[in-house]
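Right, one structure below, let's go through it.
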Amino acid sequence: MATKARERKGKGVHRMRDIRRWLMAALTLLPTLSHAYELSDWESVTEAARGQTVYWNAWGGDPRTNAYIDWVAAQVKQRYDIDLEHVKVSDTAEAVTRVVAEKAAGNEDQGAVDLIWLNGENFAAMKQNDLLYGPWAEQLPNFSLTAPAQHPEVREDFTLPVEGYESPWGRAQLTFYYDSARLDEPPHSIAALLEWAKAHPGRFTYPQPPAFLGTTFLKQALLALTAQPKALYAPVDQADFAAVTEPLWNYLDRLHPYLWREGENFPSGGPQMRQLMGDGALSLAFTFTPSAPAAAVLDYQLPPTTRSYVLDNGTLGNVHFVAIPYNAQHKAGALTIANFLLSPEAQARKQDLSMWGDTTVLNMSRLSLSQRKAFATDGRAAASLPPQSLGETLREPDPSWIEPLEQAWRQRYGAP
Amino acid sequence: MSRTASYRFTIGVLPWLTIALLSLPVASGVLGAMAPAFGYLPVLGGDSLTLAPWRQLLEVPGLADMVRLSVVTGLASSALSLGIVVLFLGSFLHTPLYRRVQRWLSPLLAVPHAAAAIGLAFLLAPSGWVARGLSPWASGWQYPPDFAFPGDAWGLSLILGLVIKEVPFLLLMSLAALVQCQARERLTVARSLGYRPLTGFLKVVMPGLYPLLRLPLYAVIAFASSTVDVAMILGPSTPPTLAVSVVGWLNDPALSMHFMASAGALLQMLLTLTALGIWYALERLVVCLSRRWWWDGRRQCGERWLGGMALTTMRLVLGLMLASLAGLMLWSVAAYWPFPRFLPWPPTLHNWQAAADDLIVPVGQSLLVATAATLLSLVLVLGSLEAETLRRRPMRRWAQVILYLPLLVPSVAFLFGLVMMQAQAGIQPGLGAVIVGHAVFVLPYVFLSLAESYRRLDPRWSQQARSLGAGPWRVFLCVRLPLLLAPILTAAAVGFAVSVGQYLPTVMMGAGRVVTVTTEAVSLASGGDRRLTAIFALAQLLLPALGFLLAMLVPRYLFRRRQDLLPRAD
């Protein structure tokens, strides 16, 4: 086992594939060293987890997130004697592909991925292809702190029921931000946004779909404008796409002449939009990470007078999760970490603006007074969203709408 | 094997290794792009010949615009650069100003393309330094104006960015060429016949100078029409230049795109060839049209006007470059810096402290790759030059062309083919592949900057050492190398700078796994944090500067008691 673990640490994973195949053959001859545990007996889980090395495949593109995962690694080493290795993937689909490949190769219990950070499409793909271990999430001792009865979104991932196959970790929500020194009153609805843009031409824009944030803006506008919002929560082929989306295209046709560069160019994504805000080229922008504007103020990228808000009828939001592949080799360790991630201490640390700033999934009413204190925002967080605003979350539409929406947008407004 | 035999063997082999390093990757890369362009790439399931990738390529919306943009920016920037350089040389070759500009050349040349482009983008953006300097007192802008620059649809900002890098390059190349074509002597004769300096230069020196500048100039055209990093930073995005699109197609997760990307890479090669062809035709045309003018005996032609223009444009080019670098430094220490404010005050170290952790890996990888690629190139170049001395004849013409091969064939075309071959052969992308990829581009520059000094070394030093009984290895190691230490270190610094600045070979040969300051700077430039971008661009600049500093100081220290071994500052 030790050889195998050391071998996995090597970065040249592909070169090692042959060696691994041999090792795997050798391992099957040994009596299985599976650490027996019962989900109903949490003691047995943490006992089995002791000494395990857990490979957590998580997107590694953000230094703040990576720093937080480093902190988690130090904590679980100290508390549970677990070695946590952060496998930094550039796209979560890579990890999904690896599990698919392992299943195809008949690797049923020696999987290289123990824990995976995901939501939306990737969860749907894994769940529908029976690539996930579970159900386990609701048996975690800390799960009840999320108050699932009041917050159904921790049990639903882009309309797909979670059913205990992944455990909530944090939440994101479409959040608008503006410079309060320049703007007294920002628009509070999609309809008001058009009027505002007419009065302030060139000072608003959105990232070019299929950039994730741009597509989110399309979905938000569509939800607000369409006459049949219910259709968006069923697969797209059950609806009349043209009829449902027509109000959106009418709206964009009227909005585009008043956008930055008259809607002929669009920013590539959230970071470029933030840069344009910092330059003063835009007066109003949005992000999917509620804490991002406050963090950007600390990094001098946005004016200190930046303020955040959500639209009056709420904005799109979703929860991101961690899941365990069905063939994970160190399930007990992964379960222990998933539970630790839901602990008040880990969640408070995660929400701390100087750490990562990712919003907690815990319900404050379930926590003790001293635990709650750790979540208190400090004075520097004036630019971030007040926690109560996060209640006004709109559910994500069915994922099948994304592709047709992006295609229709490209046909209308894409490259000349 | 005796020592003499081992020396002869080594010196016999190294030139061939050099030729192999320069030509094999280019040739196999072009072939490697050829097969998938016609549908053949078994590893991706393509095992029959088809024209489908080309049909797919021709259906790409905006393809004609991409091609036009690449050709126009390539030719326009090269023509502008040549014009500025020629007019400047003609007007100021005989003045002290020329010496002063000459001194700025090497440091300016060491500025990597991406850093210069990032600095220029900061300078000229709607919220850039120029707009800040004019606002609000002159322009009335309270907020940044809404115009698309850099990234204008005509590629003007791209042309400007290329010109400020190509002018120093062509000037440096003409330094050696001016000596070789006996420019001063020609000019003296012309002046004694009463020609004004510029007219004399154009009529008498140019016909001898231009053929010597042709290869460097063609390299400039090839680079300008196929650059990826500069076009990503300064070029338009809807649509981008062809080279940028090809890299985008290669990175597309849909594997079927690889076939089309191969066809695109070949199209890029055709495009660069066409640009070179157009340039050649223009050359002929200029020769035809100016023949009468050469012989008409007129002694002057708008000297003052053209001279003034040359001075202004040269000042503009150097000024833009310096202002760009100053802008990078300001952004790296800027706290929040709202629009019309001209200086970021008070400055802060926060950005550097926050970036310190992120800098470690890219700086380390840059150092590793650049050192390895430079050492490899240096060994090969020394071997080839030593072989030249041994055989007592200079390089043949075809060898000269091979030297320029990696600079003439668009890198996006052959690197792409190399990646395809790599995939087919099952070789893992990574550091090794990146180092070899860099060496292909580093070697020509190391050779060009070392060759003159090496050839000029007095052969009597070695003859004397031999006659005193030293073997060939000893003569090489104890006499020739120390004598040439200063130029060798300078050549190494040039090679190091070239390697640090490489974007495409790093990204393609390393499959994105090798991260250097250049790859970080380019990817940040497309919309990341300006402060972080500036810090990476400065890191990209500081590494070569450090190399040049060492190249200057090490001989001074080693030869502190042998002052005459130091290069004289003439």
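Letters A, B, ... go to the chains of the structure tokens in the order shown; residues in each chain start at 1; ligands are counted from 1 in the same order.
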
Hey, which bits of chain A sit within 7 Å of chain B, and for each residue what's the closest pair of atoms and how far apart in Å (one decimal), counting only C-alpha atoms, rows by chain and increasing number, as CSV?
residue,atom,partner,partner_atom,distance
A:Gly202,CA,B:Asp146,CA,6.9
A:Trp260,CA,B:Asp146,CA,6.9
A:Arg261,CA,B:Asp146,CA,6.1
A:Pro271,CA,B:Gly528,CA,5.5
A:Gln272,CA,B:Gly527,CA,4.1
A:Gln275,CA,B:Asp529,CA,6.6
A:Asp279,CA,B:Phe339,CA,5.9
A:Gly280,CA,B:Tyr143,CA,6.0
A:Ala281,CA,B:Pro144,CA,5.3
A:Tyr300,CA,B:Tyr336,CA,4.4
A:Gln301,CA,B:Tyr336,CA,6.1
A:Leu302,CA,B:Tyr336,CA,6.7
A:Pro303,CA,B:Tyr336,CA,6.3
A:Ala415,CA,B:Thr238,CA,6.0

Mind dumping the selected residues with C-alpha atoms as a compact mmCIF listing (two decimals), in the first residue's frame?
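selection-v4.txt, written as the output of this step:
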# COMPACT_ATOMS: atom_id res chain seq x y z
CA GLY A 202 -21.55 52.59 -22.30
CA TRP A 260 -20.02 49.23 -23.34
CA ARG A 261 -18.66 49.49 -26.91
CA PRO A 271 -12.07 39.19 -14.25
CA GLN A 272 -12.05 41.49 -17.28
CA GLN A 275 -10.86 45.31 -14.41
CA ASP A 279 -10.61 51.46 -14.52
CA GLY A 280 -13.86 53.33 -14.16
CA ALA A 281 -15.01 52.32 -17.64
CA TYR A 300 -6.93 47.57 -4.64
CA GLN A 301 -8.69 46.39 -7.79
CA LEU A 302 -11.96 48.12 -7.01
CA PRO A 303 -12.69 51.49 -5.38
CA ALA A 415 -18.73 37.06 -34.25

Show me, as a PyMOL selection string, the residues that have an atom within 12 Å of Leu298 (chain A) when counting only C-alpha atoms, minus same-chain residues fewer than 6 positions from it. (chain A and resi 291-292+304-306+353-355+357+379-384) or (chain B and resi 335-336+350-351+354)

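Distances here use only C-alpha atoms; by that measure, the residue among B:Pro429, B:Pro482, B:Pro36, B:Pro459 closest to Met509 (chain B) is B:Pro429.
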
Excluding region 496-502 of chain B and any residue of its chain fewer than 3 positions from it, enumerate the residues within 10 Å of it, using only C-alpha atoms, and give them as number ranges by chain. B: 109-115, 229, 363, 365-375, 435, 437-443, 445-446, 490-493, 505-507, 516-519, 539-548

Selection to disk with C-alpha atoms, as an mmCIF file, in the first residue's frame:
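Contents of the output file again04.cif:
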data_model
loop_
_atom_site.group_PDB
_atom_site.id
_atom_site.type_symbol
_atom_site.label_atom_id
_atom_site.label_comp_id
_atom_site.auth_asym_id
_atom_site.auth_seq_id
_atom_site.Cartn_x
_atom_site.Cartn_y
_atom_site.Cartn_z
ATOM 1 C CA LEU B 109 16.252 44.244 -27.331
ATOM 2 C CA ALA B 110 16.296 42.247 -24.109
ATOM 3 C CA VAL B 111 12.748 43.391 -23.308
ATOM 4 C CA PRO B 112 10.563 40.378 -24.104
ATOM 5 C CA HIS B 113 7.835 40.917 -26.680
ATOM 6 C CA ALA B 114 5.046 40.143 -24.251
ATOM 7 C CA ALA B 115 6.314 42.602 -21.626
ATOM 8 C CA ASP B 229 1.620 36.419 -27.805
ATOM 9 C CA VAL B 363 10.470 32.175 -11.973
ATOM 10 C CA GLN B 365 10.784 27.168 -14.224
ATOM 11 C CA SER B 366 11.880 30.121 -16.372
ATOM 12 C CA LEU B 367 15.369 29.995 -14.868
ATOM 13 C CA LEU B 368 15.620 26.244 -15.301
ATOM 14 C CA VAL B 369 14.408 26.165 -18.898
ATOM 15 C CA ALA B 370 16.385 29.229 -19.967
ATOM 16 C CA THR B 371 19.612 28.021 -18.361
ATOM 17 C CA ALA B 372 19.313 24.561 -19.866
ATOM 18 C CA ALA B 373 18.377 25.818 -23.337
ATOM 19 C CA THR B 374 21.169 28.411 -23.285
ATOM 20 C CA LEU B 375 23.812 25.911 -22.183
ATOM 21 C CA ILE B 435 13.901 22.913 -23.233
ATOM 22 C CA GLY B 437 11.755 23.640 -28.094
ATOM 23 C CA HIS B 438 13.394 26.724 -26.620
ATOM 24 C CA ALA B 439 16.859 25.735 -27.813
ATOM 25 C CA VAL B 440 15.604 25.754 -31.410
ATOM 26 C CA PHE B 441 14.897 29.488 -31.058
ATOM 27 C CA VAL B 442 17.781 30.344 -28.735
ATOM 28 C CA LEU B 443 20.533 28.819 -30.857
ATOM 29 C CA TYR B 445 20.541 34.234 -31.619
ATOM 30 C CA VAL B 446 23.481 32.834 -29.659
ATOM 31 C CA THR B 490 27.032 38.267 -23.759
ATOM 32 C CA ALA B 491 25.828 35.664 -26.247
ATOM 33 C CA ALA B 492 24.609 33.530 -23.359
ATOM 34 C CA ALA B 493 22.736 36.523 -21.938
ATOM 35 C CA PRO B 505 7.106 26.771 -27.440
ATOM 36 C CA THR B 506 6.452 26.733 -23.710
ATOM 37 C CA VAL B 507 2.712 26.436 -24.048
ATOM 38 C CA THR B 516 6.938 30.378 -16.845
ATOM 39 C CA VAL B 517 6.756 34.096 -16.134
ATOM 40 C CA THR B 518 5.957 34.631 -19.821
ATOM 41 C CA THR B 519 3.036 32.214 -20.005
ATOM 42 C CA ALA B 539 9.709 39.635 -13.691
ATOM 43 C CA GLN B 540 9.897 38.707 -17.348
ATOM 44 C CA LEU B 541 12.032 41.778 -17.875
ATOM 45 C CA LEU B 542 14.205 41.464 -14.772
ATOM 46 C CA LEU B 543 15.409 37.935 -15.502
ATOM 47 C CA PRO B 544 17.113 38.879 -18.813
ATOM 48 C CA ALA B 545 18.370 42.114 -17.262
ATOM 49 C CA LEU B 546 20.002 40.040 -14.543
ATOM 50 C CA GLY B 547 21.587 37.889 -17.244
ATOM 51 C CA PHE B 548 23.063 40.922 -19.002
#

Surrounding residues of Gln220 (chain A) excluding itself and chain neighbours under 4 positions, 7 Å, only C-alpha atoms, as a count of residues only: 4

Would you compute the distance between CA of Met260 (chain B) and CA of Gly45 (chain B)? Give it in Å to one decimal.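 Straight-line distance from CA of Met260 (chain B) to CA of Gly45 (chain B) works out to 14.2 Å.
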
Where in region 74-282 of chain A does DSSP assign strand (DSSP E), given as a PyMOL selection string? chain A and resi 83-89+115-118+156-157+160-161+166-173+175-179

Residue selection dump (N, CA and C atoms) as a PDB file, in the first residue's frame:
ATOM      1  N   ASP A  83      -3.720  12.306   5.578  1.00  0.00           N
ATOM      2  CA  ASP A  83      -2.909  13.101   4.649  1.00  0.00           C
ATOM      3  C   ASP A  83      -3.787  13.524   3.490  1.00  0.00           C
ATOM      4  N   LEU A  84      -4.016  14.809   3.364  1.00  0.00           N
ATOM      5  CA  LEU A  84      -4.864  15.301   2.273  1.00  0.00           C
ATOM      6  C   LEU A  84      -3.978  15.838   1.156  1.00  0.00           C
ATOM      7  N   GLU A  85      -4.135  15.289  -0.039  1.00  0.00           N
ATOM      8  CA  GLU A  85      -3.390  15.774  -1.206  1.00  0.00           C
ATOM      9  C   GLU A  85      -4.350  16.505  -2.122  1.00  0.00           C
ATOM     10  N   HIS A  86      -4.082  17.783  -2.395  1.00  0.00           N
ATOM     11  CA  HIS A  86      -4.925  18.549  -3.310  1.00  0.00           C
ATOM     12  C   HIS A  86      -4.450  18.301  -4.748  1.00  0.00           C
ATOM     13  N   VAL A  87      -5.239  17.568  -5.514  1.00  0.00           N
ATOM     14  CA  VAL A  87      -4.912  17.369  -6.930  1.00  0.00           C
ATOM     15  C   VAL A  87      -5.543  18.530  -7.688  1.00  0.00           C
ATOM     16  N   LYS A  88      -4.706  19.468  -8.143  1.00  0.00           N
ATOM     17  CA  LYS A  88      -5.255  20.692  -8.744  1.00  0.00           C
ATOM     18  C   LYS A  88      -5.626  20.436 -10.202  1.00  0.00           C
ATOM     19  N   VAL A  89      -6.912  20.347 -10.470  1.00  0.00           N
ATOM     20  CA  VAL A  89      -7.328  20.152 -11.858  1.00  0.00           C
ATOM     21  C   VAL A  89      -7.702  21.513 -12.438  1.00  0.00           C
ATOM     22  N   LEU A 115     -12.000  12.266  -3.468  1.00  0.00           N
ATOM     23  CA  LEU A 115     -12.975  13.305  -3.156  1.00  0.00           C
ATOM     24  C   LEU A 115     -12.938  14.262  -4.342  1.00  0.00           C
ATOM     25  N   ILE A 116     -14.092  14.829  -4.681  1.00  0.00           N
ATOM     26  CA  ILE A 116     -14.126  15.674  -5.877  1.00  0.00           C
ATOM     27  C   ILE A 116     -15.048  16.865  -5.595  1.00  0.00           C
ATOM     28  N   TRP A 117     -14.613  18.033  -6.022  1.00  0.00           N
ATOM     29  CA  TRP A 117     -15.386  19.275  -5.827  1.00  0.00           C
ATOM     30  C   TRP A 117     -16.139  19.545  -7.117  1.00  0.00           C
ATOM     31  N   LEU A 118     -17.469  19.609  -7.034  1.00  0.00           N
ATOM     32  CA  LEU A 118     -18.225  19.715  -8.274  1.00  0.00           C
ATOM     33  C   LEU A 118     -19.617  20.267  -8.021  1.00  0.00           C
ATOM     34  N   GLU A 156     -30.562  19.914  -3.693  1.00  0.00           N
ATOM     35  CA  GLU A 156     -30.876  19.952  -5.120  1.00  0.00           C
ATOM     36  C   GLU A 156     -29.740  20.655  -5.848  1.00  0.00           C
ATOM     37  N   ASP A 157     -29.256  20.053  -6.924  1.00  0.00           N
ATOM     38  CA  ASP A 157     -28.116  20.606  -7.650  1.00  0.00           C
ATOM     39  C   ASP A 157     -28.559  20.844  -9.092  1.00  0.00           C
ATOM     40  N   LEU A 160     -31.442  18.819 -10.186  1.00  0.00           N
ATOM     41  CA  LEU A 160     -31.292  17.369  -9.997  1.00  0.00           C
ATOM     42  C   LEU A 160     -31.275  17.080  -8.493  1.00  0.00           C
ATOM     43  N   PRO A 161     -32.140  16.159  -8.008  1.00  0.00           N
ATOM     44  CA  PRO A 161     -32.117  15.835  -6.575  1.00  0.00           C
ATOM     45  C   PRO A 161     -30.773  15.216  -6.189  1.00  0.00           C
ATOM     46  N   GLU A 166     -23.877  13.763  -2.651  1.00  0.00           N
ATOM     47  CA  GLU A 166     -22.828  14.775  -2.500  1.00  0.00           C
ATOM     48  C   GLU A 166     -23.199  15.627  -1.296  1.00  0.00           C
ATOM     49  N   SER A 167     -22.159  16.239  -0.718  1.00  0.00           N
ATOM     50  CA  SER A 167     -22.373  17.004   0.507  1.00  0.00           C
ATOM     51  C   SER A 167     -22.109  18.476   0.221  1.00  0.00           C
ATOM     52  N   PRO A 168     -23.034  19.374   0.666  1.00  0.00           N
ATOM     53  CA  PRO A 168     -22.864  20.799   0.356  1.00  0.00           C
ATOM     54  C   PRO A 168     -21.598  21.353   0.991  1.00  0.00           C
ATOM     55  N   TRP A 169     -20.951  22.311   0.297  1.00  0.00           N
ATOM     56  CA  TRP A 169     -19.705  22.859   0.808  1.00  0.00           C
ATOM     57  C   TRP A 169     -19.776  24.392   0.900  1.00  0.00           C
ATOM     58  N   GLY A 170     -20.319  25.027  -0.133  1.00  0.00           N
ATOM     59  CA  GLY A 170     -20.385  26.484  -0.111  1.00  0.00           C
ATOM     60  C   GLY A 170     -21.437  26.939  -1.101  1.00  0.00           C
ATOM     61  N   ARG A 171     -21.684  28.262  -1.116  1.00  0.00           N
ATOM     62  CA  ARG A 171     -22.695  28.717  -2.057  1.00  0.00           C
ATOM     63  C   ARG A 171     -22.244  29.954  -2.811  1.00  0.00           C
ATOM     64  N   ALA A 172     -22.828  30.112  -3.986  1.00  0.00           N
ATOM     65  CA  ALA A 172     -22.517  31.256  -4.831  1.00  0.00           C
ATOM     66  C   ALA A 172     -23.828  31.874  -5.268  1.00  0.00           C
ATOM     67  N   GLN A 173     -23.810  33.161  -5.554  1.00  0.00           N
ATOM     68  CA  GLN A 173     -25.029  33.820  -6.000  1.00  0.00           C
ATOM     69  C   GLN A 173     -24.676  34.998  -6.876  1.00  0.00           C
ATOM     70  N   THR A 175     -24.358  38.393  -7.910  1.00  0.00           N
ATOM     71  CA  THR A 175     -24.344  39.586  -7.070  1.00  0.00           C
ATOM     72  C   THR A 175     -23.901  40.777  -7.912  1.00  0.00           C
ATOM     73  N   PHE A 176     -24.684  41.847  -7.866  1.00  0.00           N
ATOM     74  CA  PHE A 176     -24.301  43.057  -8.603  1.00  0.00           C
ATOM     75  C   PHE A 176     -23.453  43.933  -7.707  1.00  0.00           C
ATOM     76  N   TYR A 177     -22.507  44.688  -8.282  1.00  0.00           N
ATOM     77  CA  TYR A 177     -21.750  45.644  -7.486  1.00  0.00           C
ATOM     78  C   TYR A 177     -21.546  46.923  -8.278  1.00  0.00           C
ATOM     79  N   TYR A 178     -21.383  48.038  -7.548  1.00  0.00           N
ATOM     80  CA  TYR A 178     -21.265  49.347  -8.190  1.00  0.00           C
ATOM     81  C   TYR A 178     -20.432  50.236  -7.300  1.00  0.00           C
ATOM     82  N   ASP A 179     -20.004  51.356  -7.852  1.00  0.00           N
ATOM     83  CA  ASP A 179     -19.226  52.319  -7.081  1.00  0.00           C
ATOM     84  C   ASP A 179     -20.195  53.350  -6.503  1.00  0.00           C
TER      85      ASP A 179
END

With distances taken over only C-alpha atoms, which residue among A:Arg307, A:Ile82, A:Glu246, A:Pro63 lies nearest Asp184 (chain A)?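 Among the listed residues, A:Arg307 lies closest to Asp184 (chain A).
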
Secondary structure check, helix (DSSP H, G or I) residues of region 55-126 of chain B, as a ChimeraX atom specification: /B:55-58,63-92,96-109,113-124

Leaving out Gln102 (chain B) and any residue of its chain fewer than 2 positions from it, which residues lie within 10 Å of it when counting only C-alpha atoms, given as a PyMOL selection string? chain B and resi 96-100+104-106+168+171-172+175

Have a look at A:Ala67, A:Gly214, A:Gln228, A:Gly414 and name the one nearest to Leu174 (chain A); count only C-alpha atoms. A:Gly214

Test item: residues at most 7 Å from Pro197 (chain B), only C-alpha atoms, excluding those fewer than 5 positions along its chain, as a ChimeraX atom specification: /B:90-91,191
